[in-house]
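start.csv follows; it contains CSV, N, CA and C atoms.
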chain,number,residue,atom,x,y,z
Q,128,MET,N,99.6,-2.8,57.4
Q,128,MET,CA,98.9,-1.9,56.6
Q,128,MET,C,99.5,-1.9,55.2
Q,129,ARG,N,98.7,-1.8,54.2
Q,129,ARG,CA,99.1,-1.8,52.8
Q,129,ARG,C,99.7,-0.5,52.5
Q,130,ASN,N,100.7,-0.5,51.5
Q,130,ASN,CA,101.4,0.8,51.1
Q,130,ASN,C,100.8,1.3,49.8
Q,131,ASP,N,99.5,1.0,49.5
Q,131,ASP,CA,98.9,1.5,48.3
Q,131,ASP,C,98.7,3.0,48.4
Q,132,ARG,N,99.0,3.7,47.3
Q,132,ARG,CA,98.8,5.1,47.2
Q,132,ARG,C,97.3,5.4,47.1
Q,133,LEU,N,96.8,6.3,47.9
Q,133,LEU,CA,95.4,6.7,47.9
Q,133,LEU,C,95.2,8.0,47.1
Q,134,GLU,N,94.2,8.0,46.3
Q,134,GLU,CA,93.8,9.2,45.6
Q,134,GLU,C,92.7,9.9,46.5
Q,135,ILE,N,93.0,11.1,47.0
Q,135,ILE,CA,92.2,11.8,47.9
Q,135,ILE,C,91.5,13.0,47.2
Q,136,SER,N,90.2,13.0,47.3
Q,136,SER,CA,89.4,14.0,46.7
Q,136,SER,C,88.7,14.8,47.8
Q,137,ASP,N,89.0,16.0,48.0
Q,137,ASP,CA,88.4,16.8,49.1
Q,137,ASP,C,87.7,18.0,48.7
Q,138,GLU,N,87.3,18.0,47.4
Q,138,GLU,CA,86.6,19.2,46.9
Q,138,GLU,C,85.3,19.5,47.6
Q,139,GLU,N,84.6,18.5,48.1
Q,139,GLU,CA,83.3,18.7,48.8
Q,139,GLU,C,83.5,18.6,50.3
Q,140,ALA,N,84.7,18.6,50.8
Q,140,ALA,CA,84.9,18.5,52.3
Q,140,ALA,C,84.4,19.8,53.0
Q,141,ILE,N,83.8,19.5,54.2
Q,141,ILE,CA,83.3,20.6,55.0
Q,141,ILE,C,84.4,21.0,56.0
Q,142,HIS,N,84.7,22.3,56.1
Q,142,HIS,CA,85.7,22.8,57.1
Q,142,HIS,C,84.9,23.2,58.3
Q,143,ILE,N,85.4,22.7,59.5
Q,143,ILE,CA,84.8,23.0,60.7
Q,143,ILE,C,85.9,23.6,61.7
Q,144,PHE,N,85.5,24.3,62.6
Q,144,PHE,CA,86.5,24.9,63.6
Q,144,PHE,C,86.0,24.6,65.0
Q,145,SER,N,87.0,24.3,65.8
Q,145,SER,CA,86.7,23.9,67.2
Q,145,SER,C,87.7,24.4,68.2
Q,146,ASN,N,87.3,24.8,69.4
Q,146,ASN,CA,88.2,25.1,70.4
Q,146,ASN,C,88.0,24.3,71.6
Q,147,LEU,N,87.2,23.2,71.5
Q,147,LEU,CA,87.0,22.2,72.5
Q,147,LEU,C,86.8,20.9,71.9
Q,148,VAL,N,87.4,19.8,72.5
Q,148,VAL,CA,87.3,18.5,72.0
Q,148,VAL,C,86.9,17.6,73.2
Q,149,SER,N,86.0,16.7,73.0
Q,149,SER,CA,85.6,15.8,74.1
Q,149,SER,C,85.7,14.4,73.5
Q,150,PHE,N,85.9,13.4,74.4
Q,150,PHE,CA,86.0,12.0,74.0
Q,150,PHE,C,85.1,11.2,74.9
Q,151,ASN,N,84.2,10.4,74.3
Q,151,ASN,CA,83.4,9.4,74.9
Q,151,ASN,C,83.9,8.0,74.4
Q,152,ILE,N,84.4,7.2,75.3
Q,152,ILE,CA,85.0,5.9,74.9
Q,152,ILE,C,84.3,4.8,75.6
Q,153,ASN,N,84.1,3.7,74.8
Q,153,ASN,CA,83.6,2.5,75.4
Q,153,ASN,C,84.4,1.3,74.7
Q,154,ALA,N,84.1,0.1,75.0
Q,154,ALA,CA,84.9,-1.0,74.5
Q,154,ALA,C,84.9,-1.2,73.0
Q,155,GLU,N,83.9,-0.6,72.3
Q,155,GLU,CA,83.8,-0.8,70.9
Q,155,GLU,C,84.2,0.4,70.0
Q,156,GLU,N,84.0,1.6,70.6
Q,156,GLU,CA,84.3,2.8,69.8
Q,156,GLU,C,84.7,4.0,70.6
Q,157,VAL,N,85.2,5.0,69.9
Q,157,VAL,CA,85.5,6.3,70.5
Q,157,VAL,C,84.6,7.3,69.8
Q,158,CYS,N,84.0,8.2,70.5
Q,158,CYS,CA,83.2,9.2,69.9
Q,158,CYS,C,83.9,10.5,70.3
Q,159,MET,N,84.4,11.2,69.3
Q,159,MET,CA,85.0,12.5,69.5
Q,159,MET,C,84.1,13.6,69.2
Q,160,GLY,N,83.8,14.5,70.1
Q,160,GLY,CA,83.0,15.6,69.9
Q,160,GLY,C,83.8,16.9,69.7
Q,161,LEU,N,83.4,17.7,68.7
Q,161,LEU,CA,84.1,18.9,68.4
Q,161,LEU,C,83.1,20.1,68.6
Q,162,GLY,N,83.5,21.1,69.3
Q,162,GLY,CA,82.6,22.1,69.6
Q,162,GLY,C,83.3,23.5,69.8
Q,163,ILE,N,82.5,24.5,70.0
Q,163,ILE,CA,83.0,25.8,70.2
Q,163,ILE,C,82.5,26.3,71.6
Q,164,ARG,N,83.4,26.7,72.4
Q,164,ARG,CA,83.1,27.3,73.7
Q,164,ARG,C,82.5,28.7,73.5
Q,165,ASP,N,81.4,29.0,74.1
Q,165,ASP,CA,80.8,30.3,74.0
Q,165,ASP,C,81.7,31.3,74.7
Q,166,VAL,N,82.0,32.4,74.0
Q,166,VAL,CA,82.9,33.4,74.6
Q,166,VAL,C,82.2,34.2,75.7
Q,167,LYS,N,80.9,34.3,75.7
Q,167,LYS,CA,80.2,35.1,76.7
Q,167,LYS,C,79.8,34.2,77.9
Q,168,GLU,N,79.6,33.0,77.6
Q,168,GLU,CA,79.2,32.0,78.7
Q,168,GLU,C,80.2,30.8,78.7
Q,169,ALA,N,81.2,31.0,79.5
Q,169,ALA,CA,82.4,30.0,79.4
Q,169,ALA,C,82.0,28.6,79.7
Q,170,ALA,N,80.9,28.4,80.5
Q,170,ALA,CA,80.5,27.0,80.8
Q,170,ALA,C,79.6,26.4,79.7
Q,171,LEU,N,79.3,27.1,78.6
Q,171,LEU,CA,78.5,26.6,77.5
Q,171,LEU,C,79.3,26.3,76.3
Q,172,VAL,N,79.2,25.0,75.9
Q,172,VAL,CA,79.9,24.6,74.7
Q,172,VAL,C,78.8,24.1,73.7
Q,173,ASN,N,78.9,24.6,72.5
Q,173,ASN,CA,78.0,24.2,71.4
Q,173,ASN,C,78.7,23.1,70.6
Q,174,VAL,N,78.4,21.9,70.8
Q,174,VAL,CA,79.0,20.8,70.0
Q,174,VAL,C,78.3,20.8,68.6
Q,175,HIS,N,79.2,20.8,67.6
Q,175,HIS,CA,78.6,20.8,66.2
Q,175,HIS,C,78.9,19.5,65.5
Q,176,THR,N,79.8,18.7,65.9
Q,176,THR,CA,80.2,17.5,65.2
Q,176,THR,C,80.6,16.4,66.1
Q,177,TYR,N,80.1,15.2,65.8
Q,177,TYR,CA,80.6,14.0,66.5
Q,177,TYR,C,81.2,13.1,65.5
Q,178,MET,N,82.4,12.6,65.8
Q,178,MET,CA,83.1,11.6,64.9
Q,178,MET,C,83.2,10.3,65.6
Q,179,HIS,N,82.7,9.3,65.0
Q,179,HIS,CA,82.7,7.9,65.7
Q,179,HIS,C,83.8,7.1,65.0
Q,180,MET,N,84.7,6.5,65.8
Q,180,MET,CA,85.8,5.7,65.3
Q,180,MET,C,85.8,4.4,66.0
Q,181,THR,N,86.2,3.3,65.3
Q,181,THR,CA,86.5,2.1,66.0
Q,181,THR,C,87.8,2.3,66.8
Q,182,ILE,N,88.0,1.4,67.8
Q,182,ILE,CA,89.2,1.5,68.6
Q,182,ILE,C,90.5,1.4,67.7
Q,183,PRO,N,90.6,0.5,66.7
Q,183,PRO,CA,91.8,0.5,65.9
Q,183,PRO,C,91.9,1.7,65.1
Q,184,HIS,N,90.8,2.3,64.6
Q,184,HIS,CA,90.9,3.6,63.8
Q,184,HIS,C,91.4,4.7,64.7
Q,185,PHE,N,90.9,4.7,66.0
Q,185,PHE,CA,91.3,5.7,66.9
Q,185,PHE,C,92.8,5.7,67.2
Q,186,VAL,N,93.3,4.4,67.4
Q,186,VAL,CA,94.7,4.2,67.7
Q,186,VAL,C,95.5,4.8,66.5
Q,187,ARG,N,95.1,4.5,65.3
Q,187,ARG,CA,95.8,5.1,64.1
Q,187,ARG,C,95.7,6.6,64.1
Q,188,PHE,N,94.6,7.1,64.4
Q,188,PHE,CA,94.4,8.6,64.5
Q,188,PHE,C,95.4,9.2,65.5
Q,189,VAL,N,95.4,8.6,66.7
Q,189,VAL,CA,96.3,9.1,67.7
Q,189,VAL,C,97.8,9.0,67.3
Q,190,GLU,N,98.2,8.0,66.6
Q,190,GLU,CA,99.5,7.8,66.1
Q,190,GLU,C,99.8,8.9,65.1
Q,191,ALA,N,98.9,9.2,64.2
Q,191,ALA,CA,99.1,10.2,63.2
Q,191,ALA,C,99.2,11.6,63.8
Q,192,VAL,N,98.4,11.9,64.9
Q,192,VAL,CA,98.4,13.2,65.6
Q,192,VAL,C,99.8,13.3,66.3
Q,193,ASN,N,100.2,12.2,66.9
Q,193,ASN,CA,101.5,12.3,67.6
Q,193,ASN,C,102.7,12.5,66.6
Q,194,GLN,N,102.6,11.9,65.5
Q,194,GLN,CA,103.6,12.1,64.4
Q,194,GLN,C,103.7,13.5,64.0
Q,195,GLN,N,102.5,14.1,63.8
Q,195,GLN,CA,102.5,15.5,63.4
Q,195,GLN,C,103.0,16.5,64.5
Q,196,LEU,N,102.6,16.1,65.8
Q,196,LEU,CA,103.0,16.9,66.9
Q,196,LEU,C,104.5,16.9,67.0
Q,197,ASN,N,105.1,15.7,66.9
Q,197,ASN,CA,106.6,15.6,67.0
Q,197,ASN,C,107.3,16.4,65.9
Q,198,MET,N,106.7,16.4,64.7
Q,198,MET,CA,107.3,17.2,63.6
Q,198,MET,C,107.3,18.7,64.0
Q,199,LEU,N,106.1,19.2,64.6
Q,199,LEU,CA,106.0,20.6,65.0
Q,199,LEU,C,107.0,20.9,66.1
Q,200,ILE,N,107.2,20.0,67.0
Q,200,ILE,CA,108.2,20.2,68.1
Q,200,ILE,C,109.6,20.2,67.5
Q,201,GLU,N,109.9,19.3,66.6
Q,201,GLU,CA,111.3,19.3,66.0
Q,201,GLU,C,111.5,20.6,65.3
Q,202,ARG,N,110.5,21.2,64.7
Q,202,ARG,CA,110.7,22.5,63.9
Q,202,ARG,C,110.6,23.7,64.8
Q,203,GLY,N,110.4,23.5,66.1
Q,203,GLY,CA,110.3,24.6,67.1
Q,203,GLY,C,109.0,25.4,67.0
Q,204,VAL,N,108.0,24.9,66.4
Q,204,VAL,CA,106.7,25.6,66.3
Q,204,VAL,C,106.0,25.5,67.7
Q,205,VAL,N,106.0,24.4,68.3
Q,205,VAL,CA,105.3,24.2,69.6
Q,205,VAL,C,106.2,23.5,70.6
Q,206,THR,N,105.8,23.4,71.8
Q,206,THR,CA,106.5,22.7,72.9
Q,206,THR,C,105.5,21.8,73.6
Q,207,ARG,N,106.0,20.8,74.3
Q,207,ARG,CA,105.1,19.9,75.1
Q,207,ARG,C,104.8,20.5,76.4
Q,208,GLU,N,105.5,21.7,76.7
Q,208,GLU,CA,105.2,22.3,78.0
Q,208,GLU,C,103.8,22.8,78.1
Q,209,PRO,N,103.1,22.6,79.3
Q,209,PRO,CA,101.7,23.0,79.4
Q,209,PRO,C,101.7,24.6,79.3
Q,210,GLU,N,100.5,25.0,78.9
Q,210,GLU,CA,100.3,26.5,78.8
Q,210,GLU,C,100.3,27.1,80.2
Q,211,GLN,N,100.8,28.3,80.3
Q,211,GLN,CA,100.8,29.0,81.6
Q,211,GLN,C,99.4,29.7,81.8

The structure given in the file should be rewritten as structure tokens.
Amino acid sequence: MRNDRLEISDEEAIHIFSNLVSFNINAEEVCMGLGIRDVKEAALVNVHTYMHMTIPHFVRFVEAVNQQLNMLIERGVVTREPEQ
């Protein structure tokens, strides 16, 4: 991967919130669904966004998430222990 500096413009970025993530995976892509579980109807999830990634992009995404998770663990913010 190249070490070029990227200029990121996020002035028009949309902010979304999710408390449920789903993954649909095939040999060519990963489709990640982001949704909100209904607080009154626990079995109902309103999916509001699907993000499609190639497998190599998904692998880089997972590596970035793990790197951030490890940083939070090192700082004592979270633990890898499952929720009770």

- request: Please run DSSP on the backbone and report, as a ChimeraX atom specification, all residues within segment 132-188 of chain Q that come out as strand (DSSP E).
  value: /Q:147-152,156-164,172-181

- request: List the neighbours of segment 133-149 of chain Q out to 7 Å using only N, CA and C atoms; skip same-chain residues closer than 5 positions along the sequence, and give me the result as an NGL selection string.
  value: :Q and (158-164)

Just list the residues in chain Q DSSP gives helix (DSSP H, G or I) on the backbone, as a PDB file with N, CA and C atoms, in the frame of the given file.
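After the write, states39.pdb holds the following:
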ATOM      1  N   ILE Q 182      88.000   1.400  67.800  1.00  0.00           N
ATOM      2  CA  ILE Q 182      89.200   1.500  68.600  1.00  0.00           C
ATOM      3  C   ILE Q 182      90.500   1.400  67.700  1.00  0.00           C
ATOM      4  N   PRO Q 183      90.600   0.500  66.700  1.00  0.00           N
ATOM      5  CA  PRO Q 183      91.800   0.500  65.900  1.00  0.00           C
ATOM      6  C   PRO Q 183      91.900   1.700  65.100  1.00  0.00           C
ATOM      7  N   HIS Q 184      90.800   2.300  64.600  1.00  0.00           N
ATOM      8  CA  HIS Q 184      90.900   3.600  63.800  1.00  0.00           C
ATOM      9  C   HIS Q 184      91.400   4.700  64.700  1.00  0.00           C
ATOM     10  N   PHE Q 185      90.900   4.700  66.000  1.00  0.00           N
ATOM     11  CA  PHE Q 185      91.300   5.700  66.900  1.00  0.00           C
ATOM     12  C   PHE Q 185      92.800   5.700  67.200  1.00  0.00           C
ATOM     13  N   VAL Q 186      93.300   4.400  67.400  1.00  0.00           N
ATOM     14  CA  VAL Q 186      94.700   4.200  67.700  1.00  0.00           C
ATOM     15  C   VAL Q 186      95.500   4.800  66.500  1.00  0.00           C
ATOM     16  N   ARG Q 187      95.100   4.500  65.300  1.00  0.00           N
ATOM     17  CA  ARG Q 187      95.800   5.100  64.100  1.00  0.00           C
ATOM     18  C   ARG Q 187      95.700   6.600  64.100  1.00  0.00           C
ATOM     19  N   PHE Q 188      94.600   7.100  64.400  1.00  0.00           N
ATOM     20  CA  PHE Q 188      94.400   8.600  64.500  1.00  0.00           C
ATOM     21  C   PHE Q 188      95.400   9.200  65.500  1.00  0.00           C
ATOM     22  N   VAL Q 189      95.400   8.600  66.700  1.00  0.00           N
ATOM     23  CA  VAL Q 189      96.300   9.100  67.700  1.00  0.00           C
ATOM     24  C   VAL Q 189      97.800   9.000  67.300  1.00  0.00           C
ATOM     25  N   GLU Q 190      98.200   8.000  66.600  1.00  0.00           N
ATOM     26  CA  GLU Q 190      99.500   7.800  66.100  1.00  0.00           C
ATOM     27  C   GLU Q 190      99.800   8.900  65.100  1.00  0.00           C
ATOM     28  N   ALA Q 191      98.900   9.200  64.200  1.00  0.00           N
ATOM     29  CA  ALA Q 191      99.100  10.200  63.200  1.00  0.00           C
ATOM     30  C   ALA Q 191      99.200  11.600  63.800  1.00  0.00           C
ATOM     31  N   VAL Q 192      98.400  11.900  64.900  1.00  0.00           N
ATOM     32  CA  VAL Q 192      98.400  13.200  65.600  1.00  0.00           C
ATOM     33  C   VAL Q 192      99.800  13.300  66.300  1.00  0.00           C
ATOM     34  N   ASN Q 193     100.200  12.200  66.900  1.00  0.00           N
ATOM     35  CA  ASN Q 193     101.500  12.300  67.600  1.00  0.00           C
ATOM     36  C   ASN Q 193     102.700  12.500  66.600  1.00  0.00           C
ATOM     37  N   GLN Q 194     102.600  11.900  65.500  1.00  0.00           N
ATOM     38  CA  GLN Q 194     103.600  12.100  64.400  1.00  0.00           C
ATOM     39  C   GLN Q 194     103.700  13.500  64.000  1.00  0.00           C
ATOM     40  N   GLN Q 195     102.500  14.100  63.800  1.00  0.00           N
ATOM     41  CA  GLN Q 195     102.500  15.500  63.400  1.00  0.00           C
ATOM     42  C   GLN Q 195     103.000  16.500  64.500  1.00  0.00           C
ATOM     43  N   LEU Q 196     102.600  16.100  65.800  1.00  0.00           N
ATOM     44  CA  LEU Q 196     103.000  16.900  66.900  1.00  0.00           C
ATOM     45  C   LEU Q 196     104.500  16.900  67.000  1.00  0.00           C
ATOM     46  N   ASN Q 197     105.100  15.700  66.900  1.00  0.00           N
ATOM     47  CA  ASN Q 197     106.600  15.600  67.000  1.00  0.00           C
ATOM     48  C   ASN Q 197     107.300  16.400  65.900  1.00  0.00           C
ATOM     49  N   MET Q 198     106.700  16.400  64.700  1.00  0.00           N
ATOM     50  CA  MET Q 198     107.300  17.200  63.600  1.00  0.00           C
ATOM     51  C   MET Q 198     107.300  18.700  64.000  1.00  0.00           C
ATOM     52  N   LEU Q 199     106.100  19.200  64.600  1.00  0.00           N
ATOM     53  CA  LEU Q 199     106.000  20.600  65.000  1.00  0.00           C
ATOM     54  C   LEU Q 199     107.000  20.900  66.100  1.00  0.00           C
ATOM     55  N   ILE Q 200     107.200  20.000  67.000  1.00  0.00           N
ATOM     56  CA  ILE Q 200     108.200  20.200  68.100  1.00  0.00           C
ATOM     57  C   ILE Q 200     109.600  20.200  67.500  1.00  0.00           C
ATOM     58  N   GLU Q 201     109.900  19.300  66.600  1.00  0.00           N
ATOM     59  CA  GLU Q 201     111.300  19.300  66.000  1.00  0.00           C
ATOM     60  C   GLU Q 201     111.500  20.600  65.300  1.00  0.00           C
TER      61      GLU Q 201
END

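Reported to one decimal place, the separation of atom N of Ile152 of chain Q from atom C of Leu171 of chain Q is 19.8 Å.
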
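Rounded to one decimal, atom CA of Arg132 of chain Q and atom CA of Thr181 of chain Q lie 22.7 Å from each other.
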
Atomic distance atom CA of Ala154 of chain Q - atom CA of Arg187 of chain Q, expressed in Å with one decimal: 16.3 Å
